[in-house]
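Note: the block below is final.pdb and it holds PDB, C-alpha atoms and all ligand atoms.
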ATOM      1  CA  MET T  11     -12.642  15.039  16.004  1.00  0.00           C
ATOM      2  CA  ALA T  12     -15.513  12.624  15.449  1.00  0.00           C
ATOM      3  CA  ARG T  13     -18.584  12.574  17.616  1.00  0.00           C
ATOM      4  CA  LYS T  14     -19.666   8.956  17.323  1.00  0.00           C
ATOM      5  CA  ILE T  15     -17.923   5.956  15.780  1.00  0.00           C
ATOM      6  CA  GLY T  16     -19.929   2.888  14.811  1.00  0.00           C
ATOM      7  CA  VAL T  17     -18.482  -0.610  14.993  1.00  0.00           C
ATOM      8  CA  LEU T  18     -20.257  -3.313  12.998  1.00  0.00           C
ATOM      9  CA  ALA T  19     -21.398  -5.677  15.750  1.00  0.00           C
ATOM     10  CA  LEU T  20     -22.829  -8.661  13.891  1.00  0.00           C
ATOM     11  CA  GLN T  21     -19.944 -11.050  14.634  1.00  0.00           C
ATOM     12  CA  GLY T  22     -16.242 -10.988  15.515  1.00  0.00           C
ATOM     13  CA  ASP T  23     -14.209  -8.887  17.913  1.00  0.00           C
ATOM     14  CA  PHE T  24     -16.145  -5.617  17.749  1.00  0.00           C
ATOM     15  CA  ALA T  25     -15.963  -5.152  21.541  1.00  0.00           C
ATOM     16  CA  LYS T  26     -12.167  -4.748  21.445  1.00  0.00           C
ATOM     17  CA  HIS T  27     -12.438  -1.980  18.855  1.00  0.00           C
ATOM     18  CA  MET T  28     -15.049  -0.243  20.991  1.00  0.00           C
ATOM     19  CA  ALA T  29     -12.851  -0.500  24.074  1.00  0.00           C
ATOM     20  CA  MET T  30      -9.890   0.987  22.211  1.00  0.00           C
ATOM     21  CA  LEU T  31     -11.976   3.852  20.822  1.00  0.00           C
ATOM     22  CA  GLU T  32     -13.272   4.573  24.311  1.00  0.00           C
ATOM     23  CA  THR T  33      -9.687   4.923  25.584  1.00  0.00           C
ATOM     24  CA  LEU T  34      -9.400   7.688  22.966  1.00  0.00           C
ATOM     25  CA  GLY T  35     -12.407   9.451  24.441  1.00  0.00           C
ATOM     26  CA  VAL T  36     -14.808   8.956  21.546  1.00  0.00           C
ATOM     27  CA  GLU T  37     -18.355   7.740  21.801  1.00  0.00           C
ATOM     28  CA  THR T  38     -19.045   4.379  20.147  1.00  0.00           C
ATOM     29  CA  LEU T  39     -22.115   2.584  18.874  1.00  0.00           C
ATOM     30  CA  ALA T  40     -22.483  -1.182  18.307  1.00  0.00           C
ATOM     31  CA  ILE T  41     -24.122  -1.354  14.878  1.00  0.00           C
ATOM     32  CA  LYS T  42     -26.598  -4.202  14.555  1.00  0.00           C
ATOM     33  CA  LYS T  43     -29.068  -2.626  12.120  1.00  0.00           C
ATOM     34  CA  PRO T  44     -28.343  -0.514   8.992  1.00  0.00           C
ATOM     35  CA  GLN T  45     -30.514   2.382  10.269  1.00  0.00           C
ATOM     36  CA  GLN T  46     -28.012   2.943  13.100  1.00  0.00           C
ATOM     37  CA  LEU T  47     -25.414   4.066  10.547  1.00  0.00           C
ATOM     38  CA  GLU T  48     -27.240   7.382  10.331  1.00  0.00           C
ATOM     39  CA  GLU T  49     -26.124   8.184  13.879  1.00  0.00           C
ATOM     40  CA  CYS T  50     -22.408   7.686  13.140  1.00  0.00           C
ATOM     41  CA  ASP T  51     -19.551   9.719  11.712  1.00  0.00           C
ATOM     42  CA  ALA T  52     -17.389   6.720  10.796  1.00  0.00           C
ATOM     43  CA  LEU T  53     -17.505   2.915  10.854  1.00  0.00           C
ATOM     44  CA  ILE T  54     -15.134   0.066  11.717  1.00  0.00           C
ATOM     45  CA  ILE T  55     -15.744  -3.395  10.263  1.00  0.00           C
ATOM     46  CA  PRO T  56     -13.924  -5.751  12.655  1.00  0.00           C
ATOM     47  CA  GLY T  57     -12.179  -9.093  12.276  1.00  0.00           C
ATOM     48  CA  GLY T  58     -14.208 -12.270  12.463  1.00  0.00           C
ATOM     49  CA  GLU T  59     -15.188 -14.604   9.640  1.00  0.00           C
ATOM     50  CA  SER T  60     -15.867 -12.916   6.330  1.00  0.00           C
ATOM     51  CA  THR T  61     -18.162 -15.779   5.216  1.00  0.00           C
ATOM     52  CA  THR T  62     -20.324 -15.446   8.347  1.00  0.00           C
ATOM     53  CA  LEU T  63     -20.250 -11.663   8.129  1.00  0.00           C
ATOM     54  CA  THR T  64     -21.428 -11.911   4.510  1.00  0.00           C
ATOM     55  CA  LYS T  65     -24.436 -14.003   5.534  1.00  0.00           C
ATOM     56  CA  LEU T  66     -25.374 -11.641   8.361  1.00  0.00           C
ATOM     57  CA  MET T  67     -24.888  -8.515   6.246  1.00  0.00           C
ATOM     58  CA  VAL T  68     -27.166  -9.978   3.561  1.00  0.00           C
ATOM     59  CA  LYS T  69     -29.734 -11.022   6.175  1.00  0.00           C
ATOM     60  CA  TYR T  70     -29.918  -7.584   7.774  1.00  0.00           C
ATOM     61  CA  GLY T  71     -29.700  -5.626   4.496  1.00  0.00           C
ATOM     62  CA  PHE T  72     -26.371  -3.889   5.111  1.00  0.00           C
ATOM     63  CA  TYR T  73     -24.895  -3.819   1.597  1.00  0.00           C
ATOM     64  CA  GLU T  74     -26.493  -0.757   0.036  1.00  0.00           C
ATOM     65  CA  PRO T  75     -26.701   1.369   3.220  1.00  0.00           C
ATOM     66  CA  LEU T  76     -23.065   0.656   3.973  1.00  0.00           C
ATOM     67  CA  ARG T  77     -21.910   1.525   0.444  1.00  0.00           C
ATOM     68  CA  GLU T  78     -23.901   4.734   0.647  1.00  0.00           C
ATOM     69  CA  PHE T  79     -22.411   5.519   4.080  1.00  0.00           C
ATOM     70  CA  SER T  80     -18.868   5.027   2.741  1.00  0.00           C
ATOM     71  CA  ARG T  81     -19.367   7.759   0.120  1.00  0.00           C
ATOM     72  CA  ARG T  82     -19.670  10.322   2.903  1.00  0.00           C
ATOM     73  CA  HIS T  83     -17.823   8.847   5.887  1.00  0.00           C
ATOM     74  CA  PRO T  84     -14.581   7.017   6.708  1.00  0.00           C
ATOM     75  CA  VAL T  85     -14.688   3.227   6.964  1.00  0.00           C
ATOM     76  CA  MET T  86     -11.892   0.989   8.315  1.00  0.00           C
ATOM     77  CA  GLY T  87     -11.941  -2.779   7.779  1.00  0.00           C
ATOM     78  CA  THR T  88      -9.584  -4.902   9.866  1.00  0.00           C
ATOM     79  CA  CYS T  89      -8.720  -8.532   9.004  1.00  0.00           C
ATOM     80  CA  ALA T  90     -12.092 -10.017   7.913  1.00  0.00           C
ATOM     81  CA  GLY T  91     -13.219  -6.387   7.592  1.00  0.00           C
ATOM     82  CA  ALA T  92     -10.348  -5.748   5.161  1.00  0.00           C
ATOM     83  CA  ILE T  93     -11.632  -8.643   3.044  1.00  0.00           C
ATOM     84  CA  LEU T  94     -15.123  -7.158   3.042  1.00  0.00           C
ATOM     85  CA  VAL T  95     -14.084  -3.670   1.907  1.00  0.00           C
ATOM     86  CA  ALA T  96     -12.174  -5.130  -1.063  1.00  0.00           C
ATOM     87  CA  LYS T  97     -13.451  -5.178  -4.612  1.00  0.00           C
ATOM     88  CA  ASP T  98     -12.406  -8.782  -5.305  1.00  0.00           C
ATOM     89  CA  VAL T  99     -12.061 -11.777  -2.975  1.00  0.00           C
ATOM     90  CA  ASP T 100     -10.737 -15.222  -3.882  1.00  0.00           C
ATOM     91  CA  ASP T 101     -13.630 -17.015  -2.118  1.00  0.00           C
ATOM     92  CA  PRO T 102     -17.045 -16.957  -3.834  1.00  0.00           C
ATOM     93  CA  ARG T 103     -18.807 -17.406  -0.474  1.00  0.00           C
ATOM     94  CA  VAL T 104     -17.699 -13.904   0.462  1.00  0.00           C
ATOM     95  CA  GLN T 105     -19.638 -11.023  -1.035  1.00  0.00           C
ATOM     96  CA  PRO T 106     -17.348  -7.998  -0.742  1.00  0.00           C
ATOM     97  CA  LEU T 107     -18.612  -4.439  -0.458  1.00  0.00           C
ATOM     98  CA  GLY T 108     -16.212  -3.221  -3.162  1.00  0.00           C
ATOM     99  CA  LEU T 109     -15.326   0.013  -1.351  1.00  0.00           C
ATOM    100  CA  MET T 110     -11.656  -0.180  -2.313  1.00  0.00           C
ATOM    101  CA  ASN T 111      -9.739  -0.963  -5.473  1.00  0.00           C
ATOM    102  CA  ILE T 112      -7.931  -3.990  -3.984  1.00  0.00           C
ATOM    103  CA  ALA T 113      -8.175  -7.777  -4.153  1.00  0.00           C
ATOM    104  CA  ALA T 114      -7.991  -9.908  -1.009  1.00  0.00           C
ATOM    105  CA  LYS T 115      -6.972 -13.519  -0.500  1.00  0.00           C
ATOM    106  CA  ARG T 116      -8.384 -15.211   2.607  1.00  0.00           C
ATOM    107  CA  ASN T 117      -6.206 -17.144   5.089  1.00  0.00           C
ATOM    108  CA  ALA T 118      -3.218 -16.398   2.894  1.00  0.00           C
ATOM    109  CA  TYR T 119      -0.438 -16.994   5.433  1.00  0.00           C
ATOM    110  CA  GLY T 120      -1.002 -20.777   5.532  1.00  0.00           C
ATOM    111  CA  ARG T 121      -1.610 -23.072   8.460  1.00  0.00           C
ATOM    112  CA  GLN T 122       1.758 -23.111  10.234  1.00  0.00           C
ATOM    113  CA  VAL T 123       1.854 -19.409  10.632  1.00  0.00           C
ATOM    114  CA  ASP T 124      -1.804 -18.608  10.652  1.00  0.00           C
ATOM    115  CA  SER T 125      -1.348 -16.532  13.818  1.00  0.00           C
ATOM    116  CA  PHE T 126       1.718 -14.462  14.661  1.00  0.00           C
ATOM    117  CA  VAL T 127       2.836 -11.102  15.989  1.00  0.00           C
ATOM    118  CA  THR T 128       5.415  -8.995  14.196  1.00  0.00           C
ATOM    119  CA  ASP T 129       6.760  -5.462  14.535  1.00  0.00           C
ATOM    120  CA  ILE T 130       6.062  -3.454  11.401  1.00  0.00           C
ATOM    121  CA  ASN T 131       7.797  -0.243  10.393  1.00  0.00           C
ATOM    122  CA  THR T 132       5.379   2.665  10.623  1.00  0.00           C
ATOM    123  CA  PRO T 133       6.810   5.655   8.773  1.00  0.00           C
ATOM    124  CA  MET T 134       3.340   7.225   8.543  1.00  0.00           C
ATOM    125  CA  LEU T 135       2.593   7.077  12.289  1.00  0.00           C
ATOM    126  CA  ALA T 136       4.306   9.458  14.683  1.00  0.00           C
ATOM    127  CA  GLY T 137       5.902   7.972  17.800  1.00  0.00           C
ATOM    128  CA  ALA T 138       7.522   4.537  18.002  1.00  0.00           C
ATOM    129  CA  PRO T 139       9.179   3.378  14.764  1.00  0.00           C
ATOM    130  CA  THR T 140       7.245   0.117  14.717  1.00  0.00           C
ATOM    131  CA  PHE T 141       3.739  -1.174  15.386  1.00  0.00           C
ATOM    132  CA  PRO T 142       3.160  -4.589  17.046  1.00  0.00           C
ATOM    133  CA  ALA T 143       0.888  -6.237  14.477  1.00  0.00           C
ATOM    134  CA  VAL T 144      -1.189  -9.272  15.450  1.00  0.00           C
ATOM    135  CA  PHE T 145      -2.071 -11.477  12.470  1.00  0.00           C
ATOM    136  CA  ILE T 146      -4.796 -14.094  13.047  1.00  0.00           C
ATOM    137  CA  ARG T 147      -5.657 -16.259  10.021  1.00  0.00           C
ATOM    138  CA  ALA T 148      -5.013 -13.055   8.157  1.00  0.00           C
ATOM    139  CA  PRO T 149      -5.738 -12.277   4.529  1.00  0.00           C
ATOM    140  CA  LYS T 150      -3.231 -10.868   2.054  1.00  0.00           C
ATOM    141  CA  ILE T 151      -3.954  -7.921  -0.171  1.00  0.00           C
ATOM    142  CA  SER T 152      -3.178  -9.649  -3.449  1.00  0.00           C
ATOM    143  CA  ALA T 153      -3.702  -6.639  -5.736  1.00  0.00           C
ATOM    144  CA  VAL T 154      -3.382  -2.910  -5.066  1.00  0.00           C
ATOM    145  CA  ARG T 155      -4.843  -0.988  -7.985  1.00  0.00           C
ATOM    146  CA  ASN T 156      -5.282   2.624  -9.112  1.00  0.00           C
ATOM    147  CA  GLY T 157      -5.893   5.178  -6.398  1.00  0.00           C
ATOM    148  CA  VAL T 158      -4.844   2.971  -3.475  1.00  0.00           C
ATOM    149  CA  GLU T 159      -1.899   3.992  -1.297  1.00  0.00           C
ATOM    150  CA  ILE T 160       0.148   1.465   0.673  1.00  0.00           C
ATOM    151  CA  LEU T 161       0.652   2.810   4.214  1.00  0.00           C
ATOM    152  CA  MET T 162       2.385  -0.200   5.765  1.00  0.00           C
ATOM    153  CA  SER T 163       4.030  -3.349   4.485  1.00  0.00           C
ATOM    154  CA  SER T 164       5.317  -6.443   6.210  1.00  0.00           C
ATOM    155  CA  ALA T 165       7.698  -8.903   4.542  1.00  0.00           C
ATOM    156  CA  GLY T 166       6.944  -7.302   1.195  1.00  0.00           C
ATOM    157  CA  GLU T 167       3.171  -7.583   1.583  1.00  0.00           C
ATOM    158  CA  PRO T 168       0.921  -4.522   1.868  1.00  0.00           C
ATOM    159  CA  VAL T 169      -0.828  -4.787   5.251  1.00  0.00           C
ATOM    160  CA  MET T 170      -2.432  -1.363   5.597  1.00  0.00           C
ATOM    161  CA  VAL T 171      -3.790   0.518   2.588  1.00  0.00           C
ATOM    162  CA  GLN T 172      -5.925   3.591   2.018  1.00  0.00           C
ATOM    163  CA  GLU T 173      -8.127   4.851  -0.784  1.00  0.00           C
ATOM    164  CA  GLY T 174      -9.739   8.182   0.033  1.00  0.00           C
ATOM    165  CA  ASN T 175     -11.570   7.757   3.323  1.00  0.00           C
ATOM    166  CA  ILE T 176     -11.421   3.953   3.299  1.00  0.00           C
ATOM    167  CA  LEU T 177      -8.747   1.981   5.188  1.00  0.00           C
ATOM    168  CA  ALA T 178      -7.995  -1.740   5.056  1.00  0.00           C
ATOM    169  CA  VAL T 179      -5.721  -3.338   7.667  1.00  0.00           C
ATOM    170  CA  THR T 180      -4.997  -7.072   7.435  1.00  0.00           C
ATOM    171  CA  PHE T 181      -4.001  -7.449  11.101  1.00  0.00           C
ATOM    172  CA  HIS T 182      -5.701  -6.612  14.423  1.00  0.00           C
ATOM    173  CA  PRO T 183      -4.727  -3.134  15.704  1.00  0.00           C
ATOM    174  CA  GLU T 184      -7.416  -3.410  18.410  1.00  0.00           C
ATOM    175  CA  LEU T 185      -5.558  -6.279  20.138  1.00  0.00           C
ATOM    176  CA  THR T 186      -2.556  -4.206  21.215  1.00  0.00           C
ATOM    177  CA  LYS T 187      -2.139  -1.256  23.527  1.00  0.00           C
ATOM    178  CA  ASP T 188      -0.909   0.861  20.631  1.00  0.00           C
ATOM    179  CA  ASN T 189      -3.840   3.052  19.555  1.00  0.00           C
ATOM    180  CA  ARG T 190      -2.075   4.948  16.751  1.00  0.00           C
ATOM    181  CA  ILE T 191      -3.949   3.238  13.914  1.00  0.00           C
ATOM    182  CA  HIS T 192      -7.271   4.086  15.544  1.00  0.00           C
ATOM    183  CA  ARG T 193      -6.050   7.665  15.999  1.00  0.00           C
ATOM    184  CA  TYR T 194      -5.052   7.824  12.335  1.00  0.00           C
ATOM    185  CA  PHE T 195      -8.556   6.621  11.424  1.00  0.00           C
ATOM    186  CA  LEU T 196     -10.217   9.208  13.677  1.00  0.00           C
ATOM    187  CA  GLU T 197      -8.229  11.957  11.972  1.00  0.00           C
ATOM    188  CA  LEU T 198      -9.942  11.046   8.681  1.00  0.00           C
ATOM    189  CA  THR T 199     -13.274  12.007  10.226  1.00  0.00           C
ATOM    190  CA  SER T 200     -12.217  15.608  10.648  1.00  0.00           C
ATOM    191  CA  ASP T 201     -11.545  16.184   6.914  1.00  0.00           C
TER
HETATM  192  N1  LIG Z 301      -9.781 -15.842   8.278  1.00  0.00           N
HETATM  193  C1  LIG Z 301     -10.840 -14.894   8.461  1.00  0.00           C
HETATM  194  C2  LIG Z 301     -11.640 -14.697   7.185  1.00  0.00           C
HETATM  195  O1  LIG Z 301     -11.241 -15.148   6.176  1.00  0.00           O
HETATM  196  C3  LIG Z 301     -10.314 -13.570   8.973  1.00  0.00           C
HETATM  197  C4  LIG Z 301      -9.673 -13.753  10.317  1.00  0.00           C
HETATM  198  C5  LIG Z 301      -9.810 -12.601  11.225  1.00  0.00           C
HETATM  199  O2  LIG Z 301     -10.596 -11.667  11.010  1.00  0.00           O
HETATM  200  N2  LIG Z 301      -9.058 -12.665  12.288  1.00  0.00           N
HETATM  201  O3  LIG Z 301     -12.663 -14.082   7.202  1.00  0.00           O
END
Please express what this file holds, its structure, as structure tokens.
Amino acid sequence: MARKIGVLALQGDFAKHMAMLETLGVETLAIKKPQQLEECDALIIPGGESTTLTKLMVKYGFYEPLREFSRRHPVMGTCAGAILVAKDVDDPRVQPLGLMNIAAKRNAYGRQVDSFVTDINTPMLAGAPTFPAVFIRAPKISAVRNGVEILMSSAGEPVMVQEGNILAVTFHPELTKDNRIHRYFLELTSD
């Protein structure tokens, strides 16, 4: 089990991820500077605005340290974080980290349904058969390429994918009481 989990705390709902991790009894660290990554065993990139996160990550010099970190440690990107871990993004204002062989399309569910909750089948998680997934101006994973496994789909769209120790989740698992996705992520740290 991991000792300390970092949550990128430049913008977005990092506090909710930290609160959920604390319910699982793990120590957390709000990451505001790249040097803090050295203290962590894994990192969550939270939801927020991928354009704003891009600007802040450039400003504070996160790109290379974070790519280096991901070669040795698990990283989970949720919603805007899922956009940032992708290789390709449809919006040139977003500079993705390219940690995963996927393409992401921002705000892909359209205006009418840009926020919704839906129960998703979770064959890979023990316990309840579904997970209550909260989508908020969510992206779609528009291409899943070599080496990437689809862990969950909703209405035919991949919504949680994994490549090695990197996870991308297009919804907000930190906004429910169901901590199974966070537990799944923590298990990757013990490999
Ligand atoms: N729409 C946001 C973006 O494109 C993501 C929304 C979210 O993280 N809840 O970055």
Within 12 Å of Leu109 of chain T, counting all atoms listed in the file, which residues show up once you throw out same-chain ones fewer than 2 positions away? Write them as number ranges by chain, please.
T: 73-74, 76-87, 91-98, 105-107, 111-113, 157-158, 172-178
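Those residues that approach Val179 of chain T to within 6 Å, counting only C-alpha atoms, are Thr88, Ala92, Val169, Met170 and Phe181 of chain T; same-chain residues fewer than 2 positions away are not listed.
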Give the residues close to ligand LIG 301 (chain Z), within 9 Å, counting only C-alpha atoms and all ligand atoms; write them as a PyMOL selection string.
chain T and resi 22-23+56-63+88-94+101+104+115-118+124-125+145-149+180-182
Here's the selection I'm unsure about, the PyMOL selection byres (((chain T and resi 190) around 9) and not hetatm); applied to the file above, which residues does it give, as JSON, numbers by chain?
{"T": [135, 136, 137, 141, 183, 188, 189, 191, 192, 193, 194, 195]}
Min atom-atom distance to Tyr119 of chain T from the set T:Asp51, T:Tyr70, T:Lys150, T:Thr132, counting only C-alpha atoms, belongs to T:Lys150
Closest of T:Ile54, T:Val17, T:Gly71, T:His27 to Ile41 of chain T - atom-to-atom distances counting all atoms listed in the file
T:Val17
Using all atoms listed in the file, which protein or nucleic acid residues come within 9 Å of Phe72 of chain T? Drop anything in the same chain fewer than 6 positions from it, and give the result as a PyMOL selection string.
chain T and resi 43-44+66
Keeping only C-alpha atoms, take the residues you just selected and write them out as a JSON list (two decimals), in the coordinates of the input.
[["chain", "number", "residue", "atom", "x", "y", "z"],
["T", 43, "LYS", "CA", -29.07, -2.63, 12.12],
["T", 44, "PRO", "CA", -28.34, -0.51, 8.99],
["T", 66, "LEU", "CA", -25.37, -11.64, 8.36]]
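Picture a line from atom CA of Met30 of chain T to atom CA of Leu185 of chain T; it runs 8.7 Å.
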Ranking T:Glu167, T:Glu159, T:Asp100, T:Glu184 by minimum distance to Met134 of chain T and counting all atoms listed in the file, which one comes first?
T:Glu159
Could you list, as a ChimeraX atom specification, every residue matched by the PyMOL selection byres (((chain T and resi 39) around 9) and not hetatm) in this structure?
/T:14-19,28,37-38,40-41,46,49-50
For the selection just defined, write its residues with C-alpha atoms to a file, as an mmCIF file, in the coordinates of the input.
data_model
loop_
_atom_site.group_PDB
_atom_site.id
_atom_site.type_symbol
_atom_site.label_atom_id
_atom_site.label_comp_id
_atom_site.auth_asym_id
_atom_site.auth_seq_id
_atom_site.Cartn_x
_atom_site.Cartn_y
_atom_site.Cartn_z
ATOM 1 C CA LYS T 14 -19.666 8.956 17.323
ATOM 2 C CA ILE T 15 -17.923 5.956 15.780
ATOM 3 C CA GLY T 16 -19.929 2.888 14.811
ATOM 4 C CA VAL T 17 -18.482 -0.610 14.993
ATOM 5 C CA LEU T 18 -20.257 -3.313 12.998
ATOM 6 C CA ALA T 19 -21.398 -5.677 15.750
ATOM 7 C CA MET T 28 -15.049 -0.243 20.991
ATOM 8 C CA GLU T 37 -18.355 7.740 21.801
ATOM 9 C CA THR T 38 -19.045 4.379 20.147
ATOM 10 C CA ALA T 40 -22.483 -1.182 18.307
ATOM 11 C CA ILE T 41 -24.122 -1.354 14.878
ATOM 12 C CA GLN T 46 -28.012 2.943 13.100
ATOM 13 C CA GLU T 49 -26.124 8.184 13.879
ATOM 14 C CA CYS T 50 -22.408 7.686 13.140
#
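The closest residue to Ser152 of chain T, picked from T:Ala52, T:Gly120, T:Ala114, T:Thr199 and counting only C-alpha atoms, is T:Ala114.
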Around segment 133-147 of chain T, with edges along x, y and z and 5 Å added on all six sides, what centre and edge lengths do you get, in Å to one decimal, as JSON?
{"center_x": 1.8, "center_y": -3.4, "center_z": 13.3, "size_x": 24.8, "size_y": 35.7, "size_z": 19.5}
Atom CA of Glu32 of chain T and atom CA of Leu20 of chain T, how far apart in Å?
19.4 Å
Would you work out the distance separating atom CA of Gly35 of chain T from atom CA of Leu161 of chain T, expressed in Å to one decimal?
25.0 Å
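Closest approach to Pro142 of chain T among T:Arg13, T:Leu196, T:Thr128, T:Val123: T:Thr128, based on all atoms listed in the file.
Closest approach to Ala165 of chain T among T:Ala25, T:Asp129, T:Met67, T:Glu197 is made by T:Asp129 (distances from all atoms listed in the file).
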